[in-house]
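Below is the file data-v7.tsv, which contains TSV, C-alpha atoms and all ligand atoms.
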chain	number	residue	atom	x	y	z
E	49	MET	CA	-77.77	62.53	97.98
E	50	PRO	CA	-80.03	61.50	95.07
E	51	GLU	CA	-80.91	57.82	94.90
E	52	THR	CA	-78.74	55.82	92.49
E	53	PHE	CA	-79.55	52.74	90.45
E	54	LYS	CA	-77.45	50.34	88.39
E	55	ALA	CA	-77.36	50.68	84.61
E	56	ILE	CA	-75.56	49.15	81.66
E	57	LEU	CA	-73.95	51.77	79.45
E	58	VAL	CA	-72.54	51.24	75.95
E	59	SER	CA	-69.99	53.84	74.89
E	60	ARG	CA	-67.72	54.51	71.96
E	61	ASP	CA	-64.23	56.03	71.92
E	62	ALA	CA	-62.70	58.45	69.39
E	63	GLU	CA	-61.82	55.48	67.13
E	64	LYS	CA	-65.49	54.37	67.34
E	65	LYS	CA	-64.48	51.28	69.34
E	66	GLN	CA	-67.46	50.16	71.42
E	67	SER	CA	-67.29	49.20	75.10
E	68	VAL	CA	-69.86	48.17	77.70
E	69	THR	CA	-69.78	48.97	81.43
E	70	VAL	CA	-72.01	48.70	84.49
E	71	THR	CA	-72.41	52.06	86.18
E	72	ASP	CA	-74.54	53.93	88.74
E	73	LEU	CA	-76.96	56.57	87.48
E	74	THR	CA	-79.47	58.91	89.10
E	75	GLU	CA	-82.83	60.00	87.69
E	76	ALA	CA	-81.14	63.27	86.61
E	77	ASP	CA	-79.05	61.23	84.14
E	78	LEU	CA	-82.12	59.90	82.31
E	79	MET	CA	-83.35	61.35	79.03
E	80	GLU	CA	-86.42	63.46	78.46
E	81	GLY	CA	-89.87	61.96	78.88
E	82	ASP	CA	-93.13	62.52	80.76
E	83	VAL	CA	-93.27	59.21	82.66
E	84	THR	CA	-90.63	57.72	84.98
E	85	VAL	CA	-90.89	53.98	85.58
E	86	ALA	CA	-89.27	51.64	88.10
E	87	VAL	CA	-88.11	48.80	85.84
E	88	GLU	CA	-89.16	45.49	87.46
E	89	ALA	CA	-88.43	43.09	84.62
E	90	THR	CA	-86.75	43.25	81.26
E	91	THR	CA	-85.39	40.74	78.81
E	92	VAL	CA	-82.55	40.04	76.41
E	93	ASN	CA	-83.76	40.13	72.80
E	94	TYR	CA	-81.61	39.44	69.73
E	95	LYS	CA	-81.51	43.20	69.08
E	96	ASP	CA	-80.17	43.78	72.61
E	97	GLY	CA	-77.44	41.26	71.81
E	98	LEU	CA	-76.56	43.22	68.68
E	99	ALA	CA	-76.55	46.49	70.68
E	100	ILE	CA	-74.32	45.22	73.49
E	101	THR	CA	-71.85	43.35	71.27
E	102	GLY	CA	-71.85	46.06	68.59
E	103	LYS	CA	-72.33	43.35	65.96
E	104	ALA	CA	-74.84	45.54	64.10
E	105	PRO	CA	-75.49	49.31	64.33
E	106	VAL	CA	-78.49	49.16	66.68
E	107	VAL	CA	-77.15	51.90	68.99
E	108	ARG	CA	-77.45	55.31	67.35
E	109	ARG	CA	-76.81	57.61	70.30
E	110	TRP	CA	-73.69	57.54	72.51
E	111	PRO	CA	-73.38	56.70	75.33
E	112	LEU	CA	-76.62	54.72	75.66
E	113	VAL	CA	-78.42	52.47	78.11
E	114	PRO	CA	-79.53	49.52	75.91
E	115	GLY	CA	-82.62	47.35	76.45
E	116	ILE	CA	-85.60	47.58	74.07
E	117	ASP	CA	-88.39	46.48	76.41
E	118	PHE	CA	-89.44	46.53	80.04
E	119	ALA	CA	-92.32	46.07	82.42
E	120	GLY	CA	-92.59	48.07	85.61
E	121	THR	CA	-94.49	50.52	87.79
E	122	VAL	CA	-94.94	54.22	87.14
E	123	ILE	CA	-93.15	56.33	89.76
E	124	SER	CA	-94.14	59.76	88.45
E	125	SER	CA	-96.04	61.07	85.44
E	126	SER	CA	-97.14	64.31	83.83
E	127	HIS	CA	-98.88	62.35	81.04
E	128	PRO	CA	-102.70	62.33	81.28
E	129	ASP	CA	-102.97	58.54	80.77
E	130	TRP	CA	-100.62	57.47	83.57
E	131	ARG	CA	-100.23	57.98	87.27
E	132	ALA	CA	-97.92	56.68	89.99
E	133	GLY	CA	-98.58	53.01	90.71
E	134	ASP	CA	-99.77	52.08	87.19
E	135	LYS	CA	-98.29	48.85	85.81
E	136	VAL	CA	-96.95	49.34	82.30
E	137	ILE	CA	-95.12	47.67	79.42
E	138	LEU	CA	-92.82	49.25	76.87
E	139	ASN	CA	-91.70	47.70	73.57
E	140	GLY	CA	-89.62	49.50	70.98
E	141	TRP	CA	-90.12	53.12	69.87
E	142	GLY	CA	-86.33	53.46	69.63
E	143	VAL	CA	-85.86	52.78	73.35
E	144	GLY	CA	-82.51	51.01	73.70
E	145	GLU	CA	-81.50	52.37	70.27
E	146	THR	CA	-81.72	56.18	70.44
E	147	HIS	CA	-83.35	56.64	73.86
E	148	PHE	CA	-82.03	55.31	77.22
E	149	GLY	CA	-83.48	51.84	77.62
E	150	ALA	CA	-84.44	49.03	79.93
E	151	PHE	CA	-81.11	47.87	81.35
E	152	ALA	CA	-81.33	50.24	84.32
E	153	GLY	CA	-83.31	50.42	87.53
E	154	ARG	CA	-85.30	53.39	86.19
E	155	ALA	CA	-86.46	54.49	82.75
E	156	ARG	CA	-87.94	57.81	81.65
E	157	VAL	CA	-90.00	57.61	78.44
E	158	LYS	CA	-92.92	59.20	76.63
E	159	GLY	CA	-96.26	58.15	78.06
E	160	ASP	CA	-97.55	57.63	74.51
E	161	TRP	CA	-95.13	54.72	74.15
E	162	LEU	CA	-96.54	52.75	77.10
E	163	VAL	CA	-99.30	50.14	77.18
E	164	PRO	CA	-100.97	48.83	80.33
E	165	LEU	CA	-99.87	45.48	81.71
E	166	PRO	CA	-102.77	43.13	80.82
E	167	GLN	CA	-104.87	41.76	83.69
E	168	GLY	CA	-103.56	38.47	85.05
E	169	ILE	CA	-100.04	38.90	83.59
E	170	SER	CA	-97.13	39.78	85.88
E	171	ALA	CA	-94.20	42.00	84.92
E	172	HIS	CA	-92.10	38.81	84.80
E	173	ASP	CA	-94.57	37.06	82.44
E	174	ALA	CA	-94.81	40.15	80.23
E	175	MET	CA	-91.06	40.04	79.77
E	176	ALA	CA	-91.07	36.29	79.19
E	177	VAL	CA	-93.18	37.35	76.21
E	178	GLY	CA	-91.13	40.52	75.59
E	179	THR	CA	-90.64	42.15	72.23
E	180	ALA	CA	-89.86	38.77	70.66
E	181	GLY	CA	-93.19	37.31	71.82
E	182	TYR	CA	-95.20	40.41	71.03
E	183	THR	CA	-93.67	40.30	67.52
E	184	ALA	CA	-94.63	36.62	67.23
E	185	MET	CA	-98.22	37.68	68.02
E	186	LEU	CA	-98.04	40.43	65.37
E	187	CYS	CA	-97.00	37.72	62.89
E	188	VAL	CA	-99.92	35.47	63.89
E	189	MET	CA	-102.37	38.39	63.60
E	190	ALA	CA	-101.00	39.20	60.10
E	191	LEU	CA	-101.47	35.56	58.98
E	192	GLU	CA	-105.03	35.57	60.33
E	193	ARG	CA	-105.83	38.85	58.54
E	194	HIS	CA	-104.66	37.17	55.37
E	195	GLY	CA	-107.02	34.25	55.96
E	196	ILE	CA	-104.31	31.75	56.93
E	197	LEU	CA	-106.35	29.91	59.55
E	198	PRO	CA	-105.70	26.37	60.87
E	199	ASP	CA	-107.94	24.78	58.22
E	200	ARG	CA	-105.74	26.10	55.40
E	201	GLY	CA	-102.95	23.64	56.22
E	202	PRO	CA	-99.63	23.51	58.10
E	203	VAL	CA	-97.59	26.58	58.99
E	204	VAL	CA	-93.81	26.67	59.33
E	205	VAL	CA	-91.89	28.59	62.01
E	206	THR	CA	-88.18	29.22	61.38
E	207	GLY	CA	-85.64	29.93	64.10
E	208	ALA	CA	-88.12	27.94	66.14
E	209	ALA	CA	-86.01	27.44	69.26
E	210	GLY	CA	-85.30	31.18	69.52
E	211	GLY	CA	-87.47	33.78	71.23
E	212	VAL	CA	-89.82	34.78	68.39
E	213	GLY	CA	-89.92	31.18	67.21
E	214	SER	CA	-90.73	29.59	70.57
E	215	VAL	CA	-93.61	31.99	71.26
E	216	ALA	CA	-94.90	31.63	67.68
E	217	VAL	CA	-94.90	27.82	68.00
E	218	SER	CA	-96.78	28.06	71.32
E	219	ILE	CA	-99.41	30.52	70.12
E	220	LEU	CA	-100.02	28.84	66.75
E	221	SER	CA	-100.36	25.39	68.30
E	222	SER	CA	-102.72	26.71	70.99
E	223	LEU	CA	-104.85	28.18	68.19
E	224	GLY	CA	-105.06	24.77	66.52
E	225	TYR	CA	-102.51	25.10	63.71
E	226	HIS	CA	-100.37	22.16	62.57
E	227	VAL	CA	-96.98	23.71	63.29
E	228	ILE	CA	-93.78	22.64	61.52
E	229	ALA	CA	-90.85	23.95	63.55
E	230	SER	CA	-87.52	24.49	61.79
E	231	THR	CA	-84.44	24.50	64.00
E	232	GLY	CA	-80.69	24.17	63.69
E	233	ARG	CA	-80.60	22.55	67.13
E	234	ASN	CA	-81.92	19.03	66.71
E	235	ALA	CA	-81.49	18.43	70.44
E	236	GLU	CA	-84.30	20.96	70.98
E	237	SER	CA	-86.90	18.75	69.24
E	238	PRO	CA	-88.49	17.57	72.53
E	239	TYR	CA	-88.66	21.18	73.72
E	240	LEU	CA	-90.42	22.25	70.49
E	241	ILE	CA	-92.83	19.31	70.60
E	242	ASN	CA	-93.63	20.20	74.20
E	243	LEU	CA	-94.47	23.74	73.02
E	244	GLY	CA	-96.91	22.22	70.53
E	245	ALA	CA	-94.95	21.62	67.31
E	246	ALA	CA	-96.47	18.77	65.30
E	247	GLU	CA	-93.26	18.25	63.30
E	248	VAL	CA	-89.67	19.40	63.69
E	249	ILE	CA	-87.46	19.82	60.62
E	250	SER	CA	-83.77	20.66	60.32
E	251	ARG	CA	-82.70	24.19	59.52
E	252	ASP	CA	-80.44	22.66	56.81
E	253	GLU	CA	-83.49	21.79	54.70
E	254	LEU	CA	-84.08	25.51	54.17
E	255	ALA	CA	-80.53	26.84	54.22
E	256	GLN	CA	-79.40	26.25	50.61
E	257	PRO	CA	-80.12	28.62	47.69
E	258	SER	CA	-83.79	28.12	46.79
E	259	LYS	CA	-85.45	27.09	43.56
E	260	PRO	CA	-87.96	29.65	42.24
E	261	LEU	CA	-90.74	27.18	43.15
E	262	ALA	CA	-90.50	23.97	45.14
E	263	LYS	CA	-93.00	21.36	46.31
E	264	GLU	CA	-95.81	23.00	48.27
E	265	ARG	CA	-95.36	22.16	51.97
E	266	TRP	CA	-97.24	24.76	54.01
E	267	ALA	CA	-99.99	27.37	53.80
E	268	GLY	CA	-97.87	29.98	55.51
E	269	GLY	CA	-95.24	30.69	58.06
E	270	VAL	CA	-93.48	32.91	60.55
E	271	ASP	CA	-89.90	33.64	59.56
E	272	ALA	CA	-87.33	35.00	62.02
E	273	VAL	CA	-84.31	34.10	59.88
E	274	GLY	CA	-84.42	35.84	56.46
E	275	SER	CA	-81.93	35.14	53.63
E	276	HIS	CA	-82.05	31.67	51.96
E	277	THR	CA	-84.35	30.37	54.70
E	278	LEU	CA	-87.09	32.88	53.86
E	279	ALA	CA	-86.52	32.32	50.14
E	280	ASN	CA	-87.06	28.57	50.62
E	281	VAL	CA	-90.09	29.11	52.84
E	282	LEU	CA	-91.66	31.28	50.11
E	283	SER	CA	-90.87	28.77	47.36
E	284	MET	CA	-92.56	25.99	49.39
E	285	THR	CA	-95.69	27.98	50.30
E	286	SER	CA	-98.87	26.67	48.74
E	287	TYR	CA	-101.17	28.57	46.39
E	288	GLY	CA	-102.57	31.76	47.97
E	289	GLY	CA	-100.54	31.35	51.15
E	290	ALA	CA	-98.67	33.99	53.15
E	291	VAL	CA	-95.47	34.31	55.15
E	292	ALA	CA	-94.94	36.83	57.94
E	293	ALA	CA	-91.29	37.98	57.87
E	294	CYS	CA	-89.96	39.61	61.01
E	295	GLY	CA	-86.29	38.67	61.43
E	296	LEU	CA	-82.80	38.48	60.04
E	297	ALA	CA	-81.03	35.99	62.33
E	298	GLY	CA	-79.65	34.24	59.21
E	299	GLY	CA	-79.04	37.37	57.15
E	300	MET	CA	-80.63	40.53	55.89
E	301	ASP	CA	-80.67	39.53	52.21
E	302	LEU	CA	-83.55	37.83	50.44
E	303	PRO	CA	-82.26	35.86	47.43
E	304	THR	CA	-85.62	34.91	45.92
E	305	SER	CA	-87.51	35.38	42.65
E	306	VAL	CA	-90.97	36.72	41.90
E	307	ALA	CA	-92.17	33.17	41.07
E	308	PRO	CA	-93.98	32.46	44.40
E	309	PHE	CA	-95.77	35.82	44.15
E	310	ILE	CA	-96.83	35.77	40.49
E	311	LEU	CA	-97.36	32.03	39.93
E	312	ARG	CA	-98.79	30.98	43.31
E	313	GLY	CA	-100.22	34.27	44.59
E	314	VAL	CA	-98.11	33.96	47.73
E	315	SER	CA	-97.92	37.08	49.93
E	316	LEU	CA	-94.98	38.28	51.98
E	317	LEU	CA	-96.22	40.09	55.07
E	318	GLY	CA	-93.71	42.50	56.63
E	319	ILE	CA	-93.79	42.75	60.42
E	320	ASP	CA	-92.34	45.65	62.40
E	321	SER	CA	-92.85	45.84	66.14
E	322	VAL	CA	-90.84	48.99	66.86
E	323	MET	CA	-93.11	51.64	65.37
E	324	ALA	CA	-96.35	49.61	65.38
E	325	PRO	CA	-99.32	51.90	66.16
E	326	LYS	CA	-100.73	51.83	69.68
E	327	ALA	CA	-104.04	50.20	68.64
E	328	VAL	CA	-102.14	47.28	67.11
E	329	ARG	CA	-99.99	46.92	70.24
E	330	LEU	CA	-103.03	46.91	72.51
E	331	GLU	CA	-104.65	44.22	70.38
E	332	ALA	CA	-101.45	42.13	70.34
E	333	TRP	CA	-101.13	42.29	74.14
E	334	ARG	CA	-104.85	41.53	74.56
E	335	ARG	CA	-104.40	38.44	72.38
E	336	ILE	CA	-101.29	37.42	74.33
E	337	GLY	CA	-103.47	37.54	77.45
E	338	THR	CA	-106.01	35.16	75.88
E	339	ASP	CA	-104.05	32.95	73.44
E	340	LEU	CA	-100.72	32.25	75.09
E	341	ASP	CA	-100.63	29.39	77.57
E	342	LEU	CA	-98.81	30.68	80.69
E	343	HIS	CA	-97.54	27.15	81.48
E	344	LYS	CA	-95.90	26.96	78.07
E	345	LEU	CA	-94.57	30.48	78.59
E	346	ALA	CA	-92.91	29.34	81.82
E	347	SER	CA	-91.37	26.36	80.04
E	348	LEU	CA	-89.87	28.47	77.25
E	349	SER	CA	-88.26	31.09	79.50
E	350	THR	CA	-85.29	31.21	81.85
E	351	THR	CA	-84.66	33.87	84.46
E	352	ILE	CA	-81.45	35.78	85.14
E	353	GLY	CA	-80.54	38.81	87.25
E	354	PHE	CA	-79.17	42.17	86.16
E	355	ASP	CA	-75.60	40.81	86.40
E	356	GLY	CA	-76.31	38.17	83.76
E	357	ILE	CA	-77.44	40.57	81.00
E	358	ILE	CA	-74.09	41.09	79.27
E	359	ASP	CA	-73.30	37.37	79.04
E	360	ALA	CA	-76.80	36.61	77.79
E	361	ALA	CA	-76.44	39.34	75.15
E	362	ARG	CA	-73.28	37.65	73.86
E	363	ASP	CA	-74.93	34.23	73.92
E	364	ILE	CA	-78.02	35.32	71.98
E	365	VAL	CA	-76.01	36.60	68.99
E	366	ASP	CA	-74.14	33.28	69.04
E	367	GLY	CA	-77.49	31.44	68.76
E	368	LYS	CA	-76.99	29.79	72.16
E	369	ILE	CA	-80.14	30.98	73.91
E	370	ARG	CA	-83.21	28.78	73.94
E	371	GLY	CA	-86.59	30.50	74.09
E	372	ARG	CA	-86.76	33.68	76.14
E	373	VAL	CA	-84.52	35.16	78.83
E	374	VAL	CA	-86.27	37.21	81.53
E	375	VAL	CA	-84.27	39.62	83.67
E	376	ASP	CA	-85.74	40.16	87.12
E	377	MET	CA	-84.31	43.53	88.20
E	401	LIG	P1	-83.14	34.52	68.99
E	401	LIG	O1	-81.67	34.59	68.86
E	401	LIG	O2	-83.77	34.14	70.27
E	401	LIG	O3	-83.70	33.53	67.86
E	401	LIG	C1	-83.20	33.49	66.57
E	401	LIG	C2	-83.15	32.05	66.11
E	401	LIG	O4	-82.81	32.02	64.73
E	401	LIG	C3	-82.06	31.22	66.80
E	401	LIG	O5	-82.47	30.74	68.04
E	401	LIG	C4	-81.88	30.11	65.79
E	401	LIG	O6	-82.95	29.21	65.95
E	401	LIG	C5	-82.08	30.83	64.46
E	401	LIG	N1	-80.80	31.21	63.84
E	401	LIG	C6	-79.79	31.91	64.42
E	401	LIG	N2	-78.78	32.06	63.57
E	401	LIG	C7	-79.16	31.47	62.42
E	401	LIG	C8	-78.55	31.28	61.16
E	401	LIG	N3	-77.33	31.75	60.90
E	401	LIG	N4	-79.24	30.62	60.20
E	401	LIG	C9	-80.46	30.12	60.44
E	401	LIG	N5	-81.10	30.27	61.63
E	401	LIG	C10	-80.45	30.93	62.59
E	401	LIG	O7	-83.68	35.95	68.49
E	401	LIG	P2	-85.17	36.54	68.63
E	401	LIG	O8	-86.14	35.43	68.56
E	401	LIG	O9	-85.22	37.51	69.73
E	401	LIG	O10	-85.26	37.37	67.27
E	401	LIG	C11	-85.33	36.67	66.02
E	401	LIG	C12	-85.19	37.65	64.87
E	401	LIG	O11	-86.33	38.51	64.83
E	401	LIG	C13	-83.97	38.57	65.00
E	401	LIG	O12	-83.42	38.78	63.71
E	401	LIG	C14	-84.57	39.85	65.53
E	401	LIG	O13	-83.80	40.97	65.20
E	401	LIG	C15	-85.92	39.85	64.83
E	401	LIG	N6	-86.92	40.64	65.51
E	401	LIG	C16	-87.62	41.54	64.75
E	401	LIG	C17	-88.60	42.29	65.29
E	401	LIG	C18	-89.39	43.19	64.42
E	401	LIG	O14	-89.99	44.14	64.91
E	401	LIG	N7	-89.43	42.92	63.12
E	401	LIG	C19	-88.88	42.26	66.73
E	401	LIG	C20	-88.17	41.20	67.44
E	401	LIG	C21	-87.21	40.44	66.83
E	401	LIG	P3	-82.73	27.61	65.92
E	401	LIG	O15	-81.59	27.35	66.86
E	401	LIG	O16	-84.03	27.05	66.34
E	401	LIG	O17	-82.37	27.29	64.49
Write out the structure in this file as structure tokens.
Ligand code: NDP
Amino acid sequence: MPETFKAILVSRDAEKKQSVTVTDLTEADLMEGDVTVAVEATTVNYKDGLAITGKAPVVRRWPLVPGIDFAGTVISSSHPDWRAGDKVILNGWGVGETHFGAFAGRARVKGDWLVPLPQGISAHDAMAVGTAGYTAMLCVMALERHGILPDRGPVVVTGAAGGVGSVAVSILSSLGYHVIASTGRNAESPYLINLGAAEVISRDELAQPSKPLAKERWAGGVDAVGSHTLANVLSMTSYGGAVAACGLAGGMDLPTSVAPFILRGVSLLGIDSVMAPKAVRLEAWRRIGTDLDLHKLASLSTTIGFDGIIDAARDIVDGKIRGRVVVDM
């Protein structure tokens, strides 16, 4: 009998009604790829919540094992870069969207999609970072490339108590930035200050339709929310500043004007983690190894088991999850 492992499967019926089940699979059920990995840790990202609840069309192949990122150990490989025993991380590349993903005991993927687990970081820690944290690092790197360094002034982080936000606050404060954290959960102020936020502001301050230009408040920011929030962040960015936009937790629209761009020379930096080239990924994970305080990482993450994934997926789309959720498989 082939060995079985547990997996979450999202399916759709003839009326396109989505359902989610826990099932047993064997390696023969996995999709094509040149590396098979024993998944040791994964995580529940906002996108996983959308995939499992069906709230947005993340899943584009039916049925599908969701889960956009994992860390684990290579079991077998015909890819020249990887051999059995190697510790690896996967983020994105359509895994958990069009290719069977992380919410299973085994994953088979293309070796080109994998990066090595950085020295000194466990599979659990890598997933406490996860795609949300790796995206936060891509945002920080984009701000730095644009010259938004700590001496330029404060930076704002929206959706600060969420996954991207919590890691962004931690990294930026460790790098010496004055971080203004925007949250809709005022009760999370002590948590955000503990992560290094210098100030915490209410999400409401940024939630109304924006003016074309408002009082300059920050040199830049990391935005995980989109919609009016991003429009307000742009209108309050000081001359020559830049905002890294990576998320849509508040909406996919962007009701802004060209005023911040043409009158203040503000730049909007688009951040995509899914198809980011390998060199950029390697640099982001190297920086995570050096610039993210592992104690803070522990304080911003909670751990669940495989059986908790579906509930956590529902909670994250309801905005109820603080920081990052690690799944120890
Ligand atoms: P989380 O749910 O952990 O965090 C999102 C946070 O946004 C919430 O915690 C909340 O923060 C805030 N928020 C939620 N709903 C609203 C709302 N209606 N209005 C204003 N703020 C809101 O998700 P993640 O951190 O995992 O992901 C954040 C966003 O980034 C998502 O849209 C996700 O799809 C996107 N993303 C994009 C990637 C890319 O490659 N571009 C990669 C990874 C994520 P608070 O309670 O503090 O207000």
Task: Point (-77.6, 51.0, 73.2) neighbourhood (10 Å, all atoms listed in the file) written as a ChimeraX atom specification - done: /E:56-59,68,95-102,105-116,142-151
Open item on the list: How would you report the residues lying within 7 Å of ligand LIG 401 (chain E), as a VMD selection string, if you count only C-alpha atoms and all ligand atoms?
Closed with: chain E and resid 93 to 95 179 to 180 183 206 to 213 230 to 233 251 272 to 273 277 294 to 299 319 to 322 364 to 365 367 to 372
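Take CA of Ala346 in chain E and CA of Asp363 in chain E: the distance between them is 20.2 Å.
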Would you compute the box with edges along x, y and z of the file around range 195-204 of chain E, including every atom the file lists for it and 6 Å extra on each side, and give its centre and edge lengths in Å to one decimal, as lines of an AutoDock Vina configuration file?
center_x = -100.9
center_y = 28.9
center_z = 58.1
size_x = 26.1
size_y = 22.7
size_z = 17.5
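Here CA of Tyr225 in chain E is placed at a distance of 11.3 Å from CA of Val205 in chain E.
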- [ ] Choose the residue, out of E:Thr285, E:Ala176, E:Arg329, E:Gln167, that has the smallest atom-to-atom separation from Ile352 in chain E; count only C-alpha atoms.
- [x] E:Ala176
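Distances to Ser258 in chain E were evaluated for E:Ala76, E:Cys187, E:Val281, E:Leu162 using all atoms listed in the file, and the minimum falls at E:Val281.
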Task: Within 10 Å of Lys259 in chain E using only C-alpha atoms, minus same-chain residues under 4 positions, as a list in words - done: Lys263, Ala279, Asn280, Leu282, Ser283, Met284, Thr304, Ser305 and Ala307 of chain E
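What separates CA of Gly81 in chain E from CA of Phe53 in chain E is a distance of 18.0 Å.
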Open item on the list: List as a PyMOL selection string the residues having at least one atom at most 7 Å from position (-99.3, 30.2, 47.6) as given in the file, counting all atoms listed in the file.
Closed with: chain E and resi 267+285-290+308+312-314
- [ ] Name the closest residue to Ser222 in chain E among the candidates E:Ser275, E:Ser315, E:Ser170, E:Thr338; distances are taken between atoms, counting all atoms listed in the file.
- [x] E:Thr338
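Restricting the calculation to only C-alpha atoms, the smallest distance between Ser124 in chain E and any of E:Lys65, E:Arg156, E:Lys103, E:Arg193 is found for E:Arg156.
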With a distance cut-off of 9 Å and only C-alpha atoms, select the neighbouring residues of Val163 in chain E, excluding the residue or stretch itself and same-chain residues fewer than 2 positions from it, and output the selection as a PDB file with C-alpha atoms, in the frame of the given file.
ATOM      1  CA  LYS E 135     -98.290  48.850  85.810  1.00  0.00           C
ATOM      2  CA  VAL E 136     -96.950  49.340  82.300  1.00  0.00           C
ATOM      3  CA  ILE E 137     -95.120  47.670  79.420  1.00  0.00           C
ATOM      4  CA  LEU E 138     -92.820  49.250  76.870  1.00  0.00           C
ATOM      5  CA  ASN E 139     -91.700  47.700  73.570  1.00  0.00           C
ATOM      6  CA  GLY E 159     -96.260  58.150  78.060  1.00  0.00           C
ATOM      7  CA  ASP E 160     -97.550  57.630  74.510  1.00  0.00           C
ATOM      8  CA  TRP E 161     -95.130  54.720  74.150  1.00  0.00           C
ATOM      9  CA  LEU E 165     -99.870  45.480  81.710  1.00  0.00           C
ATOM     10  CA  PRO E 166    -102.770  43.130  80.820  1.00  0.00           C
ATOM     11  CA  LYS E 326    -100.730  51.830  69.680  1.00  0.00           C
ATOM     12  CA  ARG E 329     -99.990  46.920  70.240  1.00  0.00           C
ATOM     13  CA  LEU E 330    -103.030  46.910  72.510  1.00  0.00           C
ATOM     14  CA  TRP E 333    -101.130  42.290  74.140  1.00  0.00           C
TER      15      TRP E 333
END
Open item on the list: Need to verify the contact set: Ile123 in chain E, 12 Å, all atoms listed in the file, exclusion of same-chain residues closer than 6 positions in sequence. Can you return it as a PyMOL selection string?
Closed with: chain E and resi 75+82-88+130-136+153-157
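For the set E:Leu316, E:Ala246, E:Ala104, E:Leu340, the residue with the smallest atom-to-atom gap to Ser218 in chain E is E:Leu340, counting all atoms listed in the file.
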Open item on the list: For Thr52 in chain E, find every residue with an atom within 7 Å (counting all atoms listed in the file), except residues of its own chain fewer than 3 positions away, and show them as a ChimeraX atom specification.
Closed with: /E:72-74
